[in-house]
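Asks: I'd like to ask you about the structure that follows.
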There are 4 protein chains.
Amino acid sequence: MIILCRDDLSPDQRERLRSAVDGLGFRWYERDEGGRAVFETAPEADAMRGDIENLAGVERVFAGEPGAHLVTRDHHGSSTEVRIGDVVFGAGETVVIAGPCAVEGLDVVLEIATAVRAAGARVLRGGAYKPRTSPYDFRGLGQEGLEILAAAREETGLPIVTEVMDTRDVETVAEYADALQVGSRNMHNFALLAEVGRARKPVLLKRGMSATLDEMLTSAEYVLAGGNEQVILCERGIRTFETASRNTLDLTAVPLLEERTHLPVVVDPSHACGRRTLVPALARAAAAAGADGVMMEVHVRPGEARCDSKQAIVPEELAQIVRDVAAIDRALRPAAAGTTAATDTEPVT
Amino acid sequence: MIILCRDDLSPDQRERLRSAVDGLGFRWYERDEGGRAVFETAPEADAMRGDIENLAGVERVFAGEPGAHLVTRDHHGSSTEVRIGDVVFGAGETVVIAGPCAVEGLDVVLEIATAVRAAGARVLRGGAYKPRTSPYDFRGLGQEGLEILAAAREETGLPIVTEVMDTRDVETVAEYADALQVGSRNMHNFALLAEVGRARKPVLLKRGMSATLDEMLTSAEYVLAGGNEQVILCERGIRTFETASRNTLDLTAVPLLEERTHLPVVVDPSHACGRRTLVPALARAAAAAGADGVMMEVHVRPGEARCDSKQAIVPEELAQIVRDVAAIDRALRPAAAGTTAATDTEPVT
Amino acid sequence: MIILCRDDLSPDQRERLRSAVDGLGFRWYERDEGGRAVFETAPEADAMRGDIENLAGVERVFAGEPGAHLVTRDHHGSSTEVRIGDVVFGAGETVVIAGPCAVEGLDVVLEIATAVRAAGARVLRGGAYKPRTSPYDFRGLGQEGLEILAAAREETGLPIVTEVMDTRDVETVAEYADALQVGSRNMHNFALLAEVGRARKPVLLKRGMSATLDEMLTSAEYVLAGGNEQVILCERGIRTFETASRNTLDLTAVPLLEERTHLPVVVDPSHACGRRTLVPALARAAAAAGADGVMMEVHVRPGEARCDSKQAIVPEELAQIVRDVAAIDRALRPAAAGTTAATDTEPVT
Amino acid sequence: MIILCRDDLSPDQRERLRSAVDGLGFRWYERDEGGRAVFETAPEADAMRGDIENLAGVERVFAGEPGAHLVTRDHHGSSTEVRIGDVVFGAGETVVIAGPCAVEGLDVVLEIATAVRAAGARVLRGGAYKPRTSPYDFRGLGQEGLEILAAAREETGLPIVTEVMDTRDVETVAEYADALQVGSRNMHNFALLAEVGRARKPVLLKRGMSATLDEMLTSAEYVLAGGNEQVILCERGIRTFETASRNTLDLTAVPLLEERTHLPVVVDPSHACGRRTLVPALARAAAAAGADGVMMEVHVRPGEARCDSKQAIVPEELAQIVRDVAAIDRALRPAAAGTTAATDTEPVT
């Protein structure tokens, strides 16, 4: 049994809680996580859950082992809608997120942002801080990149999602961005997860390249336990023996996560397949599987991109994907399609 | 360079070929594969390919290393249409194959066959010979199972695809079935592949659970090299670290294979996910990705199925999938949809 | 509960068994597996196991589900010693098996056999039937290859292990070989497993490249259920995301299988790593982990080998490995080392 | 071509470097990495490498693409010896590191430290900051844990290695510990790698659970590029489809890394297999494969451990492993064994 305390727990309440937990008769532990006291005791104490829940200073009590609680569908019931700017994820429509891999300069980002807006994308992505395998590779423009993204939002009206990689940068990135992305390589960076849990911006959490879906859910639990319930999960391909594609997109994640969690799920076909020609088919498949969004890398001149140039599609390809995804939504989800004005984001061709 | 001879190669022609190959000046090998002589020599001999191609008794000459040749899109150009009975795969429409995991008895198979026909499936599947992990598990009814399948075809008009596992059974299975399935566990059973290459029935070749797409193509090459060009490839999930689903469906295989081969590709979501509730989303995704067909396990009373009962859907669920798949075809492939009368296979509900 | 009958079960005994199983009150199935009748009923019937075991014609009764029974350590107790010729596996010593990948010709095989004998190997390996990814690759000399292997045995006194790939070849291969190898690609070829279960030669069963250890054990169960208890298991690397080596050698298999089964376990570092320079370290590691043997590909002139030339070591390297493995045995298993005369197989250097 | 500048590069030198790089005639980029300026230009510029190397302020120039340079054996030649306290890794002997998973309290850590010292371990491990899948799990005692470790060093003389997970904690952990561990989940946490590159303590870098060996090397490159050349690599098992063990130990990493890098390599069998009974065989195998060390989790009362209790061995088991590892060293590396006084760390039994 896990006892999560309120963040305004008083010393007196804490003392009374200690006595109560001790009185349950099992070995127990107390600690502070993300600024809140947590008590843990044996699952055998679950029977006494009601007694503890009513004590002053207790926020929530979870039965059983540590693990995922707040993220589960059982816990929450209905689906959570997450808003990036004024764009809603989880309302029954497949939202398109698009933009360059890295923010390389003001002019090119404005050019790309304008083009993806015209193609029908609703959110702009782009990396100011880039995780790179080699220390000698381009690792992004940092704060200058954040300013460029803000300028692109100003110009196009598209809200922005961008990655944060270091606990020390969370505050700065949160000032500029509409949503904080935690990348695949940091899905198990628990210090970072705890930190974005304290931020007051939505979080787009990408699946680690060898993370199970259960592990993605417990990583999301870190953010929710920190008090931030605005989390979008992102399937982006897992590492397998197959080398014909960069990773193996696991679309089973879409219906599976829909069963297990109330959080919205988006799919990133670009990083999954690593090749431009494969992106459209996978984006369509994601929509048909029921994803709440698809996120793609787009560049106006892919050959000039300083990273991941092989997987960037051009705006014309994006426009076709937006049309196809909208057509799939209309065919499969007649009730939802159109409610959030898919039509006015669909480009005239 | 690989030299594939005609199956009516005369001893004289063979002698003249030996001299010619020897005259190329590289180390060379001669052997008989699937009843046909094959000569292999160094890739450096490719420049003299033209001289060899014109010799009597030569069927085809492939440049480069042994590998996949006949299956490649480069080799063939247009797409191959494969017919199971009168149902065409590769004509731009998503064909639905459905039926029980194993053939368990006449009555239940007739009941299921009638139900899947009504739900809109176009081909009946069912196992008379079953690969089972344990020797003590039900391994199918064998020839009796083939007779039951033939009766179901008689009753419903649906053509039949069923698995063959032993080189000694190929002839018998080919007598009854409209298409021979080579299962995942036998994708690398080269003796079996060579044997079905000599059969005159279409082959549905399932991807091995840890086979790369390139390996699936060279396995298909065995069948084509044997003279049988009617091969359908089947993606059915690969083995990865993720245990939330039985396997990980690799839908990237669909656009990737479309680039590399002229053969049609179908998807089996049932074995991929191993769970009934996940099948519909993955079937829809396969159609949207551009698959030529989807194959699913259906049972009228899943709880009574003697194998794989957890992944069998019921006929009502199948009917909904058939409708969704047809809607996706209409949305994405307006030209193809309807040409092969998708409408008259769609059930009245 | 699984009831395995004797192979001389009479029709009368069978009839009485049917009544008895039916009388247990659960759904039950009857079938013939490998020439023996098998009855299967619910695990709930396990409580009545004693009643059934005493009936005439019953060989063995297993509690629980179908799965692995005869292979488990629980079932057997002590370890099984398997003999290939007069060489014993499972007696506490690391036996070295060596030889060429493929049998390419009489002279070269005799040369290699003599060299591996001198280097201290105790069993000769070599393929007459070769599984090859491409149909245009060299697939072995077939029966001529078996005759060459027999000549090498005659010359050197080393017993022979060689692969069989087709149910139709089992009888022929068993005539020539001292042990039948079932390769990785056929670990799930259940028809072949059943057939080698009827052979009266020891079987060396290689792990499938994506097979779990439990699956390897149930594949071995096919052979034991057929009446052949002389089975050696072989770890040869599994397929993972890592591409720096051909496969990933899973040495954890050695202590794990020792816990689970009474059968001996050997390790094949050649196919695991795919590179000559890595073989010695892995062979030493296998011995230190407690393997009953190591099997390696050796060639006198690796550059001339027609298959897997990159992983073949030369006889001098083999001799060093034999010395190192014997030194590890002496250091770790002082009681066992020497009992089977490791000294007289160790070459004078 | 990559140009790594000295950390005392003056503005003037920087200006002259810019001109020189620009004069090469290719597109180029300039940035600051880990406090040092880095210039990157096309591999085609490699021919002019000599001209650049001689310019003032240039530390090193690497030909080719960004990637691993400083870590490669080509670059360095001889092997690097890394010292944790006065214990040397990379001198030809298998050093044993042992200790509890987590630091749980002063008394138990002192008890364990004394026991592992008596059993022959040379370095103490233990986690003060613990990465845990669930936010509700015990995540270590933090700074209090560091103080307990320091007390254990005081008591036993064993140097300490402990994990750091957050860039903000590097300085504090480096004050207490003799070596900083970067855990599997942070192998791709590039911000953390850059930070430990600035620390002046040796780093033990664990392989990510789905990281290739090449990726482990480029992660190590981050640390070396930061100026810290005291890095030990640690193989600890990778994630595969096999579920019988927690991970799959990839011992091929040991000889492969020995070919590719000059850095020492240790093996962690505890996290690899996740089960106490399997640890001894894998520790022996690591030594026989040539590892520079083995690291194991030990607890005096495993049932009481607050994390990973199933994989903790007891001190008696550790003592047997120390004896076996020393015996393997003596058998395989007669020259090295004993030079660093293995005998006086071997316990009297």
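By order of appearance in the structure tokens: chains A, B, ..., then residues from 1 within every chain, and ligands from 1 in the order shown.
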Neighbours of Glu53 in chain A within 12 Å (only C-alpha atoms; same-chain residues fewer than 5 positions away dropped), as a list in words?
Replies: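 The contact residues come out as Met1, Ile2, Ile3, Leu4, Cys5, Arg6, Leu17, Ala20, Val21, Asp46, Ala47, Met48, Val58, Glu59, Arg60, Val61, Phe62 and Ala63 of chain A.
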Asks: For C-alpha atoms, I'd like the residues from the last selection saved as a CSV table (one decimal), in the first residue's frame.
Replies:
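Written file, selection-v9.csv:
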```csv
chain,number,residue,atom,x,y,z
A,1,MET,CA,0.0,0.0,0.0
A,2,ILE,CA,1.3,3.4,-1.0
A,3,ILE,CA,0.2,6.6,0.8
A,4,LEU,CA,0.8,9.8,-1.2
A,5,CYS,CA,0.6,13.0,1.0
A,6,ARG,CA,-0.6,16.5,0.1
A,17,LEU,CA,0.3,9.6,9.9
A,20,ALA,CA,-1.2,5.4,12.1
A,21,VAL,CA,1.0,3.6,9.5
A,46,ASP,CA,-4.6,-2.8,1.8
A,47,ALA,CA,-7.5,-3.9,3.9
A,48,MET,CA,-7.0,-1.0,6.1
A,58,VAL,CA,-3.4,12.3,2.8
A,59,GLU,CA,-3.9,13.0,-0.9
A,60,ARG,CA,-4.3,9.4,-2.2
A,61,VAL,CA,-3.8,5.8,-1.2
A,62,PHE,CA,-3.0,3.1,-3.7
A,63,ALA,CA,-3.6,-0.6,-3.0
```
Asks: Enumerate as a list in words the residues belonging to chain C that approach chain B to within 7 Å, with only C-alpha atoms taken into account.
Replies: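 Applying the cut-off to the listed atoms yields Pro66, Gly67, Ala68, Pro131, Thr133, Ser134, Pro135, Tyr136, Asp137, Met165, Asp166, Arg185, Asn186, His188, Asn189, Phe190, Ala191, Ser210, Glu215, Thr218, Ser219, Glu221 and Tyr222 of chain C.
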Asks: Calculate how many Å separate CA of His299 in chain C from CA of Val164 in chain C, rounding to one decimal.
Replies: 21.5 Å
Asks: Report, in Å with one decimal, the straight-line distance from CA of Pro264 in chain A to CA of Glu229 in chain A.
Replies: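 Value for the CA of Pro264 in chain A-CA of Glu229 in chain A distance: 11.3 Å.
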Asks: Residues of range 121-166 of chain B classed as alpha helix (DSSP H) by DSSP on the backbone are to be reported as a PyMOL selection string.
Replies: chain B and resi 143-156
Asks: Suppose you want the space between CA of Ala119 in chain D and CA of Glu155 in chain D; what is it in Å?
Replies: 15.4 Å
Asks: Apply DSSP to the backbone of this structure and, from range 56-266 of chain A, keep only the residues in strand (DSSP E); write these as a ChimeraX atom specification.
Replies: /A:58-62,82-84,87-89,95-99,123-125,160-163,179-182,203-206,231-235,265-266
Asks: A:Gly92, A:Gly85, A:Gly50, A:Gly35: which is nearest Ala326 in chain A, counting only C-alpha atoms?
Replies: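 The answer is A:Gly92, which sits nearest to Ala326 in chain A.
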Asks: Need the shell around Gly23 in chain D: protein/DNA/RNA residues with any atom at most 12 Å away, counting only C-alpha atoms. Skip same-chain ones fewer than 5 positions apart. Format as a list in words?
Replies: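 In the requested format, the answer is Arg16, Leu17, Arg18, Trp28, Thr41, Ala45, Met48, Asp51 and Ile52 of chain D.
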Asks: Do a neighbour search on range 98-112 of chain A at 6 Å with only C-alpha atoms, toss out local chain neighbours closer than 4 positions, and write the hits as a ChimeraX atom specification.
Replies: /A:124-128,145,148,152,295-300
Asks: Could the residues in this selection be saved with all heavy atoms as a short mmCIF file (atom, residue, chain, number, x, y, z; two decimals), in the first residue's frame?
Replies:
```cif
data_model
loop_
_atom_site.label_atom_id
_atom_site.label_comp_id
_atom_site.auth_asym_id
_atom_site.auth_seq_id
_atom_site.Cartn_x
_atom_site.Cartn_y
_atom_site.Cartn_z
N LEU A 124 3.56 22.64 -33.99
CA LEU A 124 4.91 22.67 -34.56
C LEU A 124 5.89 21.97 -33.62
O LEU A 124 5.90 22.23 -32.42
CB LEU A 124 5.34 24.12 -34.75
CG LEU A 124 6.75 24.36 -35.34
CD1 LEU A 124 6.80 23.88 -36.80
CD2 LEU A 124 7.13 25.83 -35.24
N ARG A 125 6.71 21.08 -34.18
CA ARG A 125 7.77 20.46 -33.39
C ARG A 125 9.13 20.93 -33.92
O ARG A 125 9.23 21.39 -35.06
CB ARG A 125 7.70 18.93 -33.46
CG ARG A 125 7.80 18.36 -34.86
CD ARG A 125 8.60 17.06 -34.89
NE ARG A 125 9.99 17.34 -34.60
CZ ARG A 125 10.82 16.50 -33.99
NH1 ARG A 125 10.39 15.32 -33.62
NH2 ARG A 125 12.08 16.83 -33.76
N GLY A 126 10.17 20.81 -33.11
CA GLY A 126 11.51 21.20 -33.52
C GLY A 126 12.42 21.18 -32.32
O GLY A 126 12.02 21.59 -31.22
N GLY A 127 13.66 20.72 -32.50
CA GLY A 127 14.57 20.54 -31.38
C GLY A 127 15.57 21.66 -31.21
O GLY A 127 16.32 21.96 -32.13
N ALA A 128 15.57 22.27 -30.02
CA ALA A 128 16.59 23.27 -29.68
C ALA A 128 17.73 22.58 -28.94
O ALA A 128 18.89 22.99 -29.04
CB ALA A 128 15.97 24.36 -28.82
N GLY A 145 17.63 28.58 -30.03
CA GLY A 145 16.64 27.76 -30.73
C GLY A 145 15.25 27.95 -30.16
O GLY A 145 14.25 27.99 -30.90
N ILE A 148 13.83 31.11 -31.54
CA ILE A 148 13.39 30.93 -32.93
C ILE A 148 12.03 30.24 -32.96
O ILE A 148 11.13 30.62 -33.72
CB ILE A 148 14.44 30.12 -33.71
CG1 ILE A 148 15.71 30.97 -33.89
CG2 ILE A 148 13.89 29.64 -35.05
CD1 ILE A 148 16.89 30.22 -34.50
N ALA A 152 8.47 31.52 -34.52
CA ALA A 152 7.66 30.75 -35.47
C ALA A 152 6.22 30.63 -34.99
O ALA A 152 5.27 30.66 -35.79
CB ALA A 152 8.28 29.36 -35.69
N MET A 295 3.06 12.49 -35.35
CA MET A 295 4.09 13.52 -35.31
C MET A 295 5.15 13.18 -36.35
O MET A 295 5.68 12.07 -36.35
CB MET A 295 4.71 13.56 -33.92
CG MET A 295 5.86 14.54 -33.81
SD MET A 295 6.14 15.08 -32.11
CE MET A 295 7.01 13.68 -31.47
N MET A 296 5.46 14.12 -37.23
CA MET A 296 6.38 13.82 -38.32
C MET A 296 7.42 14.91 -38.51
O MET A 296 7.16 16.08 -38.25
CB MET A 296 5.59 13.67 -39.63
CG MET A 296 4.84 12.34 -39.68
SD MET A 296 3.54 12.35 -40.93
CE MET A 296 2.38 13.47 -40.14
N GLU A 297 8.59 14.48 -39.02
CA GLU A 297 9.64 15.44 -39.35
C GLU A 297 9.47 15.90 -40.79
O GLU A 297 9.38 15.08 -41.71
CB GLU A 297 11.01 14.82 -39.12
CG GLU A 297 11.23 14.60 -37.62
CD GLU A 297 12.66 14.26 -37.26
OE1 GLU A 297 13.47 14.07 -38.18
OE2 GLU A 297 12.95 14.20 -36.07
N VAL A 298 9.47 17.22 -40.96
CA VAL A 298 9.24 17.83 -42.26
C VAL A 298 10.35 18.85 -42.51
O VAL A 298 10.76 19.56 -41.58
CB VAL A 298 7.87 18.54 -42.29
CG1 VAL A 298 7.64 19.21 -43.64
CG2 VAL A 298 6.75 17.56 -41.98
N HIS A 299 10.80 18.92 -43.73
CA HIS A 299 11.80 19.94 -44.07
C HIS A 299 11.50 20.42 -45.49
O HIS A 299 11.04 19.65 -46.31
CB HIS A 299 13.22 19.35 -43.99
CG HIS A 299 14.30 20.39 -43.79
ND1 HIS A 299 14.74 21.20 -44.82
CD2 HIS A 299 15.01 20.75 -42.69
CE1 HIS A 299 15.69 22.02 -44.34
NE2 HIS A 299 15.87 21.76 -43.06
N VAL A 300 11.77 21.69 -45.73
CA VAL A 300 11.51 22.21 -47.07
C VAL A 300 12.58 21.74 -48.06
O VAL A 300 12.32 21.61 -49.26
CB VAL A 300 11.42 23.76 -47.07
CG1 VAL A 300 10.06 24.20 -46.52
CG2 VAL A 300 12.56 24.37 -46.27
#
```
